[in-house]
$ cat start20.cif   # mmCIF, C-alpha atoms
data_coords
loop_
_atom_site.label_atom_id
_atom_site.label_comp_id
_atom_site.auth_asym_id
_atom_site.auth_seq_id
_atom_site.Cartn_x
_atom_site.Cartn_y
_atom_site.Cartn_z
CA MET A 1 0.24 140.28 136.02
CA ALA A 2 -2.66 139.26 133.75
CA LYS A 3 -2.65 140.66 130.21
CA VAL A 4 -5.64 142.54 128.73
CA ILE A 5 -6.34 142.38 124.97
CA THR A 6 -8.86 144.85 123.55
CA PHE A 7 -11.06 144.75 120.46
CA GLY A 8 -13.35 147.52 119.30
CA CYS A 9 -14.05 151.15 120.06
CA LYS A 10 -12.59 153.82 122.34
CA VAL A 11 -15.18 152.96 124.99
CA ASN A 12 -13.79 149.42 125.08
CA GLN A 13 -10.27 150.84 125.33
CA TYR A 14 -11.31 152.95 128.30
CA GLU A 15 -12.98 149.96 129.97
CA SER A 16 -9.87 147.85 129.38
CA GLN A 17 -7.80 150.51 131.13
CA LEU A 18 -10.18 150.36 134.07
CA ILE A 19 -9.92 146.55 134.09
CA LYS A 20 -6.10 146.82 134.13
CA GLU A 21 -6.09 149.18 137.08
CA ASN A 22 -8.50 146.94 139.00
CA ILE A 23 -6.69 143.66 138.42
CA GLU A 24 -3.44 145.26 139.59
CA LYS A 25 -5.06 145.25 143.04
CA ASP A 26 -6.58 141.77 142.75
CA GLU A 27 -4.42 138.81 143.83
CA LYS A 28 -6.47 136.50 141.62
CA PHE A 29 -4.90 138.06 138.50
CA ILE A 30 -1.24 138.19 139.50
CA SER A 31 -0.36 135.25 137.22
CA ASP A 32 1.22 135.97 133.82
CA ASP A 33 -0.67 132.98 132.38
CA ILE A 34 -4.01 134.84 132.59
CA VAL A 35 -5.33 136.77 129.56
CA ILE A 36 -8.48 138.90 129.61
CA VAL A 37 -10.05 139.48 126.18
CA ASN A 38 -12.32 142.51 126.02
CA SER A 39 -14.49 141.73 122.98
CA CYS A 40 -16.50 143.59 120.36
CA CYS A 41 -19.47 142.44 118.27
CA VAL A 42 -20.17 145.42 116.01
CA THR A 43 -19.45 143.32 112.89
CA GLU A 44 -19.16 139.63 112.02
CA LYS A 45 -15.55 140.27 110.98
CA VAL A 46 -14.48 141.49 114.41
CA GLU A 47 -16.26 138.57 116.12
CA LYS A 48 -14.23 136.18 113.96
CA GLU A 49 -11.04 138.07 114.86
CA VAL A 50 -11.85 137.68 118.57
CA GLU A 51 -12.46 133.94 118.16
CA LYS A 52 -9.25 133.53 116.13
CA LYS A 53 -7.26 135.33 118.83
CA ILE A 54 -8.75 133.19 121.59
CA ARG A 55 -7.95 129.95 119.75
CA LYS A 56 -4.36 131.12 119.33
CA LEU A 57 -4.12 132.01 123.04
CA LEU A 58 -5.50 128.60 124.04
CA LYS A 59 -2.78 126.87 122.01
CA GLU A 60 -0.19 128.92 123.90
CA GLY A 61 -1.66 127.75 127.21
CA GLY A 62 -2.96 129.73 130.14
CA LYS A 63 -6.34 130.83 131.42
CA ILE A 64 -8.61 132.98 129.22
CA TYR A 65 -11.30 135.33 130.49
CA LEU A 66 -13.74 136.70 127.90
CA THR A 67 -15.60 139.92 128.64
CA GLY A 68 -17.18 142.74 126.64
CA CYS A 69 -19.90 143.04 124.04
CA MET A 70 -19.75 139.49 122.70
CA ILE A 71 -20.86 138.03 126.02
CA ARG A 72 -23.70 140.55 126.26
CA LYS A 73 -24.76 139.37 122.81
CA ASN A 74 -24.58 135.79 124.17
CA VAL A 75 -22.14 134.56 121.55
CA ASN A 76 -21.38 130.91 122.28
CA LEU A 77 -17.80 130.15 121.24
CA ASN A 78 -17.90 126.66 122.76
CA LEU A 79 -14.31 127.03 123.96
CA PRO A 80 -12.71 126.32 127.38
CA ILE A 81 -12.72 129.93 128.54
CA ASN A 82 -14.16 131.91 131.47
CA ILE A 83 -17.16 134.05 130.45
CA VAL A 84 -17.46 137.08 132.74
CA GLU A 85 -19.24 140.45 132.86
CA LYS A 86 -17.01 143.53 132.99
CA ASN A 87 -18.35 144.38 136.45
CA PHE A 88 -16.61 141.23 137.66
CA PHE A 89 -13.30 143.09 137.35
CA PHE A 90 -14.38 146.45 138.80
CA LYS A 91 -14.01 145.63 142.50
CA PHE A 92 -11.61 148.35 143.62
CA LYS A 93 -11.81 151.37 141.32
CA ASP A 94 -14.39 153.18 139.19
CA LYS A 95 -12.01 155.78 137.71
CA ILE A 96 -8.78 155.49 135.76
CA GLU A 97 -5.54 157.25 136.69
CA SER A 98 -3.47 156.42 133.61
CA PHE A 99 -3.83 155.20 130.03
CA TYR A 100 -1.17 152.62 129.27
CA GLY A 101 0.50 152.96 125.90
CA HIS A 102 -1.21 156.25 125.06
CA THR A 103 -0.27 159.90 125.22
CA ARG A 104 -3.94 160.92 124.94
CA ALA A 105 -6.38 159.59 127.52
CA PHE A 106 -9.86 158.37 126.52
CA ILE A 107 -12.60 159.17 129.04
CA LYS A 108 -15.94 157.38 128.88
CA ILE A 109 -18.67 159.82 129.85
CA GLU A 110 -21.67 157.82 128.67
CA ASP A 111 -22.74 154.26 127.89
CA GLY A 112 -25.69 152.89 125.93
CA CYS A 113 -27.60 153.99 122.83
CA GLU A 114 -31.29 154.41 122.05
CA ASN A 115 -31.06 155.31 118.36
CA PHE A 116 -31.71 151.78 117.03
CA CYS A 117 -30.25 152.27 113.56
CA SER A 118 -31.54 149.38 111.49
CA TYR A 119 -28.09 147.78 110.97
CA CYS A 120 -26.76 148.09 114.52
CA ILE A 121 -26.75 145.55 117.34
CA ILE A 122 -25.18 147.90 119.90
CA PRO A 123 -28.43 149.28 121.48
CA PHE A 124 -29.41 145.67 122.25
CA VAL A 125 -25.98 144.93 123.69
CA ARG A 126 -25.24 148.14 125.61
CA GLY A 127 -28.78 149.08 126.58
CA LYS A 128 -30.24 152.50 127.41
CA VAL A 129 -28.24 155.70 127.82
CA LYS A 130 -26.38 155.80 131.14
CA SER A 131 -24.45 159.02 131.79
CA ARG A 132 -21.67 159.34 134.33
CA LYS A 133 -21.91 162.09 136.92
CA GLU A 134 -20.15 165.27 135.91
CA LYS A 135 -18.24 165.50 139.20
CA ASP A 136 -16.86 161.95 138.78
CA ILE A 137 -15.67 162.73 135.26
CA ILE A 138 -13.98 165.94 136.40
CA GLU A 139 -12.26 164.15 139.31
CA GLU A 140 -10.97 161.52 136.90
CA ILE A 141 -9.67 164.08 134.40
CA LYS A 142 -7.96 166.12 137.14
CA LYS A 143 -6.11 163.00 138.28
CA LEU A 144 -5.05 162.21 134.71
CA GLY A 145 -3.83 165.79 134.36
CA GLU A 146 -1.79 165.42 137.55
CA ASN A 147 -0.29 162.26 136.03
CA GLY A 148 0.93 164.13 132.96
CA TYR A 149 -1.85 163.71 130.39
CA LYS A 150 -2.36 166.88 128.36
CA GLU A 151 -5.11 165.76 125.98
CA ILE A 152 -8.30 163.97 126.87
CA VAL A 153 -10.72 162.44 124.39
CA LEU A 154 -14.34 162.28 125.55
CA THR A 155 -15.99 159.12 124.34
CA GLY A 156 -19.25 157.24 124.67
CA ILE A 157 -21.45 154.79 122.79
CA ASP A 158 -23.67 157.75 121.81
CA LEU A 159 -21.62 160.71 123.03
CA GLY A 160 -24.14 163.40 122.11
CA SER A 161 -26.80 161.83 124.32
CA TYR A 162 -24.74 162.58 127.43
CA GLY A 163 -27.05 163.79 130.19
CA LYS A 164 -30.24 162.53 128.58
CA ASP A 165 -30.92 160.45 131.69
CA THR A 166 -29.49 162.82 134.31
CA GLY A 167 -30.24 166.31 133.04
CA GLU A 168 -26.53 167.21 132.85
CA LYS A 169 -25.30 168.81 129.63
CA LEU A 170 -22.26 168.25 127.44
CA PRO A 171 -21.47 172.00 127.12
CA SER A 172 -21.39 172.34 130.91
CA LEU A 173 -19.00 169.39 131.15
CA LEU A 174 -16.75 170.85 128.44
CA GLU A 175 -16.70 174.20 130.23
CA LYS A 176 -15.56 172.58 133.50
CA ILE A 177 -12.85 170.55 131.73
CA GLU A 178 -11.64 173.80 130.14
CA GLU A 179 -10.96 175.13 133.65
CA ILE A 180 -8.54 172.28 134.52
CA GLU A 181 -5.16 173.94 134.09
CA SER A 182 -3.14 170.76 133.45
CA ILE A 183 -5.36 169.74 130.51
CA LYS A 184 -4.32 171.51 127.32
CA ARG A 185 -6.61 169.82 124.76
CA ILE A 186 -10.19 168.55 124.74
CA ARG A 187 -11.31 166.30 121.88
CA LEU A 188 -14.61 164.59 121.07
CA SER A 189 -14.33 161.03 119.77
CA SER A 190 -17.54 160.81 117.70
CA ILE A 191 -20.82 162.68 117.69
CA GLU A 192 -23.95 162.26 115.59
CA ILE A 193 -25.00 165.15 113.36
CA TYR A 194 -28.38 165.61 115.06
CA TYR A 195 -26.71 166.64 118.32
CA ILE A 196 -24.93 169.51 116.59
CA ASP A 197 -26.74 172.83 116.30
CA GLU A 198 -25.74 176.49 116.03
CA PHE A 199 -25.59 176.91 119.81
CA PHE A 200 -23.24 173.95 120.21
CA ILE A 201 -20.98 175.11 117.36
CA ASN A 202 -20.71 178.62 118.80
CA PHE A 203 -20.07 177.19 122.24
CA VAL A 204 -17.15 174.94 121.29
CA LYS A 205 -15.77 177.64 119.00
CA ASN A 206 -15.20 179.81 122.08
CA LEU A 207 -13.45 177.09 124.08
CA LYS A 208 -9.69 177.70 123.95
CA LYS A 209 -8.80 174.03 124.46
CA PHE A 210 -11.35 172.42 122.11
CA CYS A 211 -9.73 170.59 119.20
CA PRO A 212 -11.15 171.68 115.81
CA HIS A 213 -11.90 168.18 114.60
CA PHE A 214 -15.23 166.36 114.39
CA HIS A 215 -15.85 162.70 113.73
CA ILE A 216 -19.44 162.71 112.48
CA PRO A 217 -20.77 159.41 111.05
CA LEU A 218 -22.46 159.87 107.66
CA GLN A 219 -22.97 156.17 106.73
CA SER A 220 -24.39 156.99 103.25
CA GLY A 221 -24.78 159.91 100.88
CA SER A 222 -28.12 158.54 99.66
CA ASP A 223 -31.32 159.71 101.37
CA LYS A 224 -33.01 156.44 100.39
CA ILE A 225 -30.33 154.39 102.14
CA LEU A 226 -30.20 156.74 105.14
CA ASN A 227 -33.93 156.19 105.55
CA LEU A 228 -33.54 152.39 105.33
CA MET A 229 -30.76 152.64 107.90
CA GLY A 230 -33.04 154.47 110.31
CA ARG A 231 -30.79 157.54 110.36
CA ARG A 232 -32.64 160.69 111.38
CA TYR A 233 -31.33 163.09 108.74
CA THR A 234 -30.98 163.62 105.01
CA PHE A 235 -27.71 164.31 103.25
CA ASN A 236 -28.72 167.97 102.93
CA ASP A 237 -29.29 168.13 106.69
CA TYR A 238 -25.81 166.74 107.22
CA MET A 239 -24.26 169.08 104.66
CA GLU A 240 -25.86 172.18 106.19
CA LYS A 241 -24.34 171.40 109.59
CA ILE A 242 -20.92 170.72 108.03
CA GLU A 243 -21.00 174.06 106.22
CA MET A 244 -22.03 175.83 109.43
CA ILE A 245 -19.08 174.29 111.30
CA LYS A 246 -16.66 175.20 108.49
CA GLU A 247 -17.90 178.78 108.50
CA LYS A 248 -17.49 179.25 112.26
CA ILE A 249 -14.45 177.15 113.24
CA LYS A 250 -11.06 177.91 111.72
CA ASN A 251 -8.94 175.04 110.34
CA VAL A 252 -11.59 172.44 111.26
CA THR A 253 -11.32 168.93 109.82
CA PHE A 254 -13.83 166.09 109.56
CA THR A 255 -13.65 162.32 109.70
CA THR A 256 -16.55 159.96 109.20
CA ASP A 257 -17.94 156.42 108.85
CA ILE A 258 -19.42 155.03 105.62
CA ILE A 259 -21.19 151.68 105.16
CA VAL A 260 -21.04 150.14 101.68
CA GLY A 261 -23.25 147.34 100.39
CA PHE A 262 -26.27 148.04 102.59
CA PRO A 263 -29.39 146.15 101.39
CA GLY A 264 -31.01 148.06 98.55
CA GLU A 265 -27.90 150.11 97.75
CA LYS A 266 -28.01 150.59 93.97
CA GLU A 267 -25.09 151.91 91.98
CA ASP A 268 -26.64 155.39 92.08
CA ASP A 269 -26.88 155.27 95.89
CA PHE A 270 -23.26 154.19 96.13
CA GLU A 271 -22.16 157.00 93.80
CA LYS A 272 -23.89 159.50 96.10
CA SER A 273 -21.67 158.30 98.95
CA CYS A 274 -18.61 158.75 96.73
CA MET A 275 -19.71 162.25 95.77
CA ALA A 276 -20.36 163.10 99.43
CA ILE A 277 -16.73 162.34 100.29
CA GLU A 278 -15.51 164.47 97.39
CA LYS A 279 -17.80 167.34 98.32
CA ILE A 280 -17.12 167.45 102.07
CA LYS A 281 -13.42 166.52 101.80
CA PHE A 282 -12.99 164.27 104.80
CA LEU A 283 -9.59 163.92 106.44
CA LYS A 284 -10.29 160.21 106.92
CA VAL A 285 -13.15 157.84 106.11
CA HIS A 286 -13.69 154.63 108.07
CA ILE A 287 -15.30 152.28 105.54
CA PHE A 288 -17.34 149.26 106.60
CA PRO A 289 -18.83 146.65 104.26
CA TYR A 290 -22.35 146.00 105.56
CA SER A 291 -22.41 143.17 108.10
CA GLU A 292 -25.66 141.37 108.97
CA ARG A 293 -26.46 141.34 112.69
CA GLU A 294 -29.16 139.14 114.21
CA ASN A 295 -32.14 140.90 115.83
CA THR A 296 -31.68 144.08 113.76
CA PHE A 297 -34.31 145.41 111.38
CA ALA A 298 -31.92 145.47 108.40
CA ILE A 299 -31.52 141.69 108.42
CA LYS A 300 -35.14 141.48 107.21
CA LEU A 301 -34.56 143.77 104.24
CA SER A 302 -34.56 142.29 100.75
CA ASP A 303 -32.28 143.18 97.84
CA LYS A 304 -29.07 142.03 99.55
CA ILE A 305 -25.75 143.05 98.02
CA ASP A 306 -23.38 140.21 97.13
CA GLU A 307 -19.92 140.06 98.70
CA LYS A 308 -18.10 140.65 95.40
CA THR A 309 -19.96 143.93 94.85
CA LYS A 310 -19.29 144.99 98.47
CA LYS A 311 -15.56 144.42 97.97
CA GLU A 312 -15.54 146.34 94.67
CA ARG A 313 -17.35 149.27 96.27
CA PHE A 314 -15.04 149.15 99.28
CA ARG A 315 -11.96 149.41 97.05
CA LYS A 316 -13.42 152.23 94.98
CA ILE A 317 -14.53 154.35 97.93
CA LEU A 318 -11.19 153.74 99.67
CA LYS A 319 -9.37 155.32 96.70
CA ILE A 320 -11.71 158.32 96.80
CA SER A 321 -11.16 158.60 100.55
CA ASP A 322 -7.37 158.56 100.12
CA ILE A 323 -7.57 161.35 97.53
CA SER A 324 -9.80 163.38 99.84
CA SER A 325 -7.38 162.90 102.74
CA LYS A 326 -4.45 164.08 100.62
CA LYS A 327 -6.32 167.22 99.52
CA VAL A 328 -7.14 168.14 103.12
CA LYS A 329 -3.53 167.69 104.23
CA GLU A 330 -2.19 169.72 101.29
CA LYS A 331 -4.16 172.74 102.52
CA PHE A 332 -2.11 172.78 105.72
CA ILE A 333 1.33 172.74 104.10
CA GLY A 334 3.08 175.92 105.27
CA LYS A 335 0.57 176.55 108.08
CA LYS A 336 1.60 176.28 111.70
CA LEU A 337 0.10 173.25 113.47
CA ASN A 338 0.43 172.44 117.17
CA VAL A 339 1.38 168.79 117.47
CA LEU A 340 1.16 166.51 120.51
CA PHE A 341 3.97 164.03 119.90
CA GLU A 342 3.32 160.43 120.87
CA ARG A 343 6.08 158.12 119.74
CA LYS A 344 9.43 157.88 117.96
CA LYS A 345 10.05 155.60 114.99
CA GLY A 346 13.60 155.66 113.71
CA ASN A 347 14.68 159.30 113.57
CA PHE A 348 11.10 160.58 113.31
CA TRP A 349 8.68 161.68 116.01
CA GLU A 350 4.99 161.12 115.26
CA GLY A 351 2.01 162.97 116.65
CA TYR A 352 -1.33 164.58 115.92
CA SER A 353 -2.18 168.21 115.33
CA GLU A 354 -5.10 169.83 117.10
CA ASN A 355 -7.23 169.09 114.03
CA TYR A 356 -6.16 165.43 114.02
CA ILE A 357 -3.69 165.49 111.15
CA PRO A 358 -0.84 162.98 111.64
CA VAL A 359 2.50 164.83 111.60
CA ILE A 360 6.14 163.73 111.69
CA VAL A 361 9.36 165.65 112.33
CA ASN A 362 13.00 164.61 112.31
CA SER A 363 14.43 165.41 115.74
CA ASN A 364 17.01 164.06 118.19
CA LYS A 365 15.20 165.68 121.12
CA ASP A 366 12.77 163.78 123.33
CA LEU A 367 9.41 165.15 122.17
CA LYS A 368 7.12 162.60 123.82
CA ASN A 369 4.01 164.17 125.35
CA GLU A 370 5.12 167.65 124.26
CA ILE A 371 2.85 170.01 122.30
CA ILE A 372 5.10 171.75 119.79
CA PRO A 373 4.37 174.05 116.81
CA VAL A 374 5.35 172.55 113.46
CA ILE A 375 5.40 173.97 109.93
CA PRO A 376 4.45 171.14 107.50
CA GLU A 377 6.47 171.09 104.27
CA LYS A 378 5.20 168.05 102.37
CA ILE A 379 3.11 164.90 102.50
CA PHE A 380 5.07 161.78 103.41
CA LYS A 381 3.03 158.59 103.26
CA ASN A 382 0.08 159.18 105.61
CA PHE A 383 1.75 162.12 107.39
CA LEU A 384 2.46 165.77 106.97
CA SER A 385 6.23 166.07 107.31
CA GLY A 386 7.71 169.31 108.56
CA LYS A 387 10.06 171.20 110.83
CA ILE A 388 9.60 172.49 114.35
CA PHE A 389 8.59 176.14 114.24
CA ASN A 390 11.53 178.51 114.80
CA GLN A 391 13.93 175.56 114.89
CA LYS A 392 17.47 176.84 114.36
CA GLY A 393 19.20 175.55 111.29
#
$ encode --input "start20.cif" --output "structure tokens"
Amino acid sequence: MAKVITFGCKVNQYESQLIKENIEKDEKFISDDIVIVNSCCVTEKVEKEVEKKIRKLLKEGGKIYLTGCMIRKNVNLNLPINIVEKNFFFKFKDKIESFYGHTRAFIKIEDGCENFCSYCIIPFVRGKVKSRKEKDIIEEIKKLGENGYKEIVLTGIDLGSYGKDTGEKLPSLLEKIEEIESIKRIRLSSIEIYYIDEFFINFVKNLKKFCPHFHIPLQSGSDKILNLMGRRYTFNDYMEKIEMIKEKIKNVTFTTDIIVGFPGEKEDDFEKSCMAIEKIKFLKVHIFPYSERENTFAIKLSDKIDEKTKKERFRKILKISDISSKKVKEKFIGKKLNVLFERKKGNFWEGYSENYIPVIVNSNKDLKNEIIPVIPEKIFKNFLSGKIFNQKG
């Protein structure tokens, strides 16, 4: 059977799963010599990684199919590969039934973005918001539940815009997922701050299965840079929503995205991003050195930041992020966390708590795909290490 290699976001991972389930039914892809590369173009770095992987695959022999965002961006690799749209693969199925290699299943509920942040190529690549029908999503999740998946992660290119084109609403969808007995956890992958208001916070607070974790991109702690980025909020706007969530949702954690080295980012602007991490105390920060993308507004901005400065800022903010992560985890030592275990490495089982903290326990039992209460005792590397609650001995 053809192999599928995925680059990029959770939406790409979902689409790769759908490709896998379609090609299983397609005689054209029975050969082991075929590799389908589902590409990403969000940064120059990832594009180079895709090209490097393809060159390696070509040396190994076989037939390469390239799909995904790079072909929508019309990247010309000038290599002997087959360039195809994703729809080429979706002949038999439009819903997934499994999620190979994962205990949690990602569900794409929306595609496209109309925010046009000044640094981002994705609205040009993915196009306008296109929401899936609520009934199709529910059917898909029910099937995944029947197949043993206990946690689903709702994902989209601009998740909070779900229903903008259809009139359907994210709270209504969440409410219907809550009613599916086999599903024990509902998680959001990423949502922009301007989709979060008091009504939404109160709504998810009252959902029994909603995971108290939010990935909310910040991008910069400087209002000047946020404005240049075309973000529709100030840092105070962001902070007010974070405080509101903290006040209403117990044990909530936050993760975020930060861009360093954006054109015009002075040392003072960068320091504001550092201080933002320290103030909010993020569980994890995904840090991206600014990457120029053709056809975006930001490419026209002056006052570019040199690569050496970008790297220095990346290293500095990474250290601050690591300290922040440790402080968040320390707060949960001695507190009971419900952990969905995913894999075993050596004698240790690894999994994630409801608030997305990585946890390990030493156990000889088979814990895969089980949700088990754990009492964390200490930090071990990137994990909270603990014992199963009420474990004898």
$ residues_around --input "start20.cif" --residues "stretch 266-273 of chain A" --least-positions-apart "2" --cutoff "8 Å" --atoms "only C-alpha atoms" --output "PyMOL selection string"
chain A and resi 220-222+224-225+258+260+264+275-277+313
$ atom_distance --input "start20.cif" --atom1 "atom CA of A:Ile323" --atom2 "atom CA of A:Glu278"
8.5 Å
$ closest_residue --input "start20.cif" --among "A:Asp165, A:Val35, A:Val125, A:Gly8" --to "A:Ile71" --atoms "all atoms listed in the file"
A:Val125
$ resolve_selection --input "start20.cif" --expression "the PyMOL selection byres ((chain A and resi 373-385) around 8)" --output "list in words"
Lys326, Lys329, Glu330, Phe332, Ile333, Gly334, Lys335, Lys336, Leu337, Asn338, Val339, Ile357, Pro358, Val359, Ile360, Val361, Ile371, Ile372, Gly386, Lys387, Ile388 and Phe389 of chain A
$ atom_distance --input "start20.cif" --atom1 "atom CA of A:Ile177" --atom2 "atom CA of A:Lys91"
27.2 Å
$ residues_near_point --input "start20.cif" --point "(-10.1, 141.3, 131.0)" --cutoff "7 Å" --atoms "all atoms listed in the file" --output "list in words"
Val4, Ser16, Ile19, Val35, Ile36, Val37, Asn38, Tyr65, Leu66 and Thr67 of chain A
$ resolve_selection --input "start20.cif" --expression "the PyMOL selection byres ((chain A and resi 133) around 10)" --output "list in words"
Ile109, Glu110, Lys130, Ser131, Arg132, Glu134, Lys135, Asp136, Ile137, Ile138, Tyr162, Gly163, Thr166, Glu168 and Leu173 of chain A
$ residues_around --input "start20.cif" --residues "A:Leu318" --least-positions-apart "6" --cutoff "9 Å" --atoms "only C-alpha atoms" --output "PyMOL selection string"
chain A and resi 285-287
$ atom_distance --input "start20.cif" --atom1 "atom CA of A:Arg104" --atom2 "atom CA of A:Ile152"
5.7 Å
$ resolve_selection --input "start20.cif" --expression "the PyMOL selection byres ((chain A and resi 346) around 12)" --output "count of residues only"
12
$ closest_residue --input "start20.cif" --among "A:Leu18, A:Glu342, A:Lys241, A:Ile96" --to "A:Glu139" --atoms "all atoms listed in the file"
A:Ile96
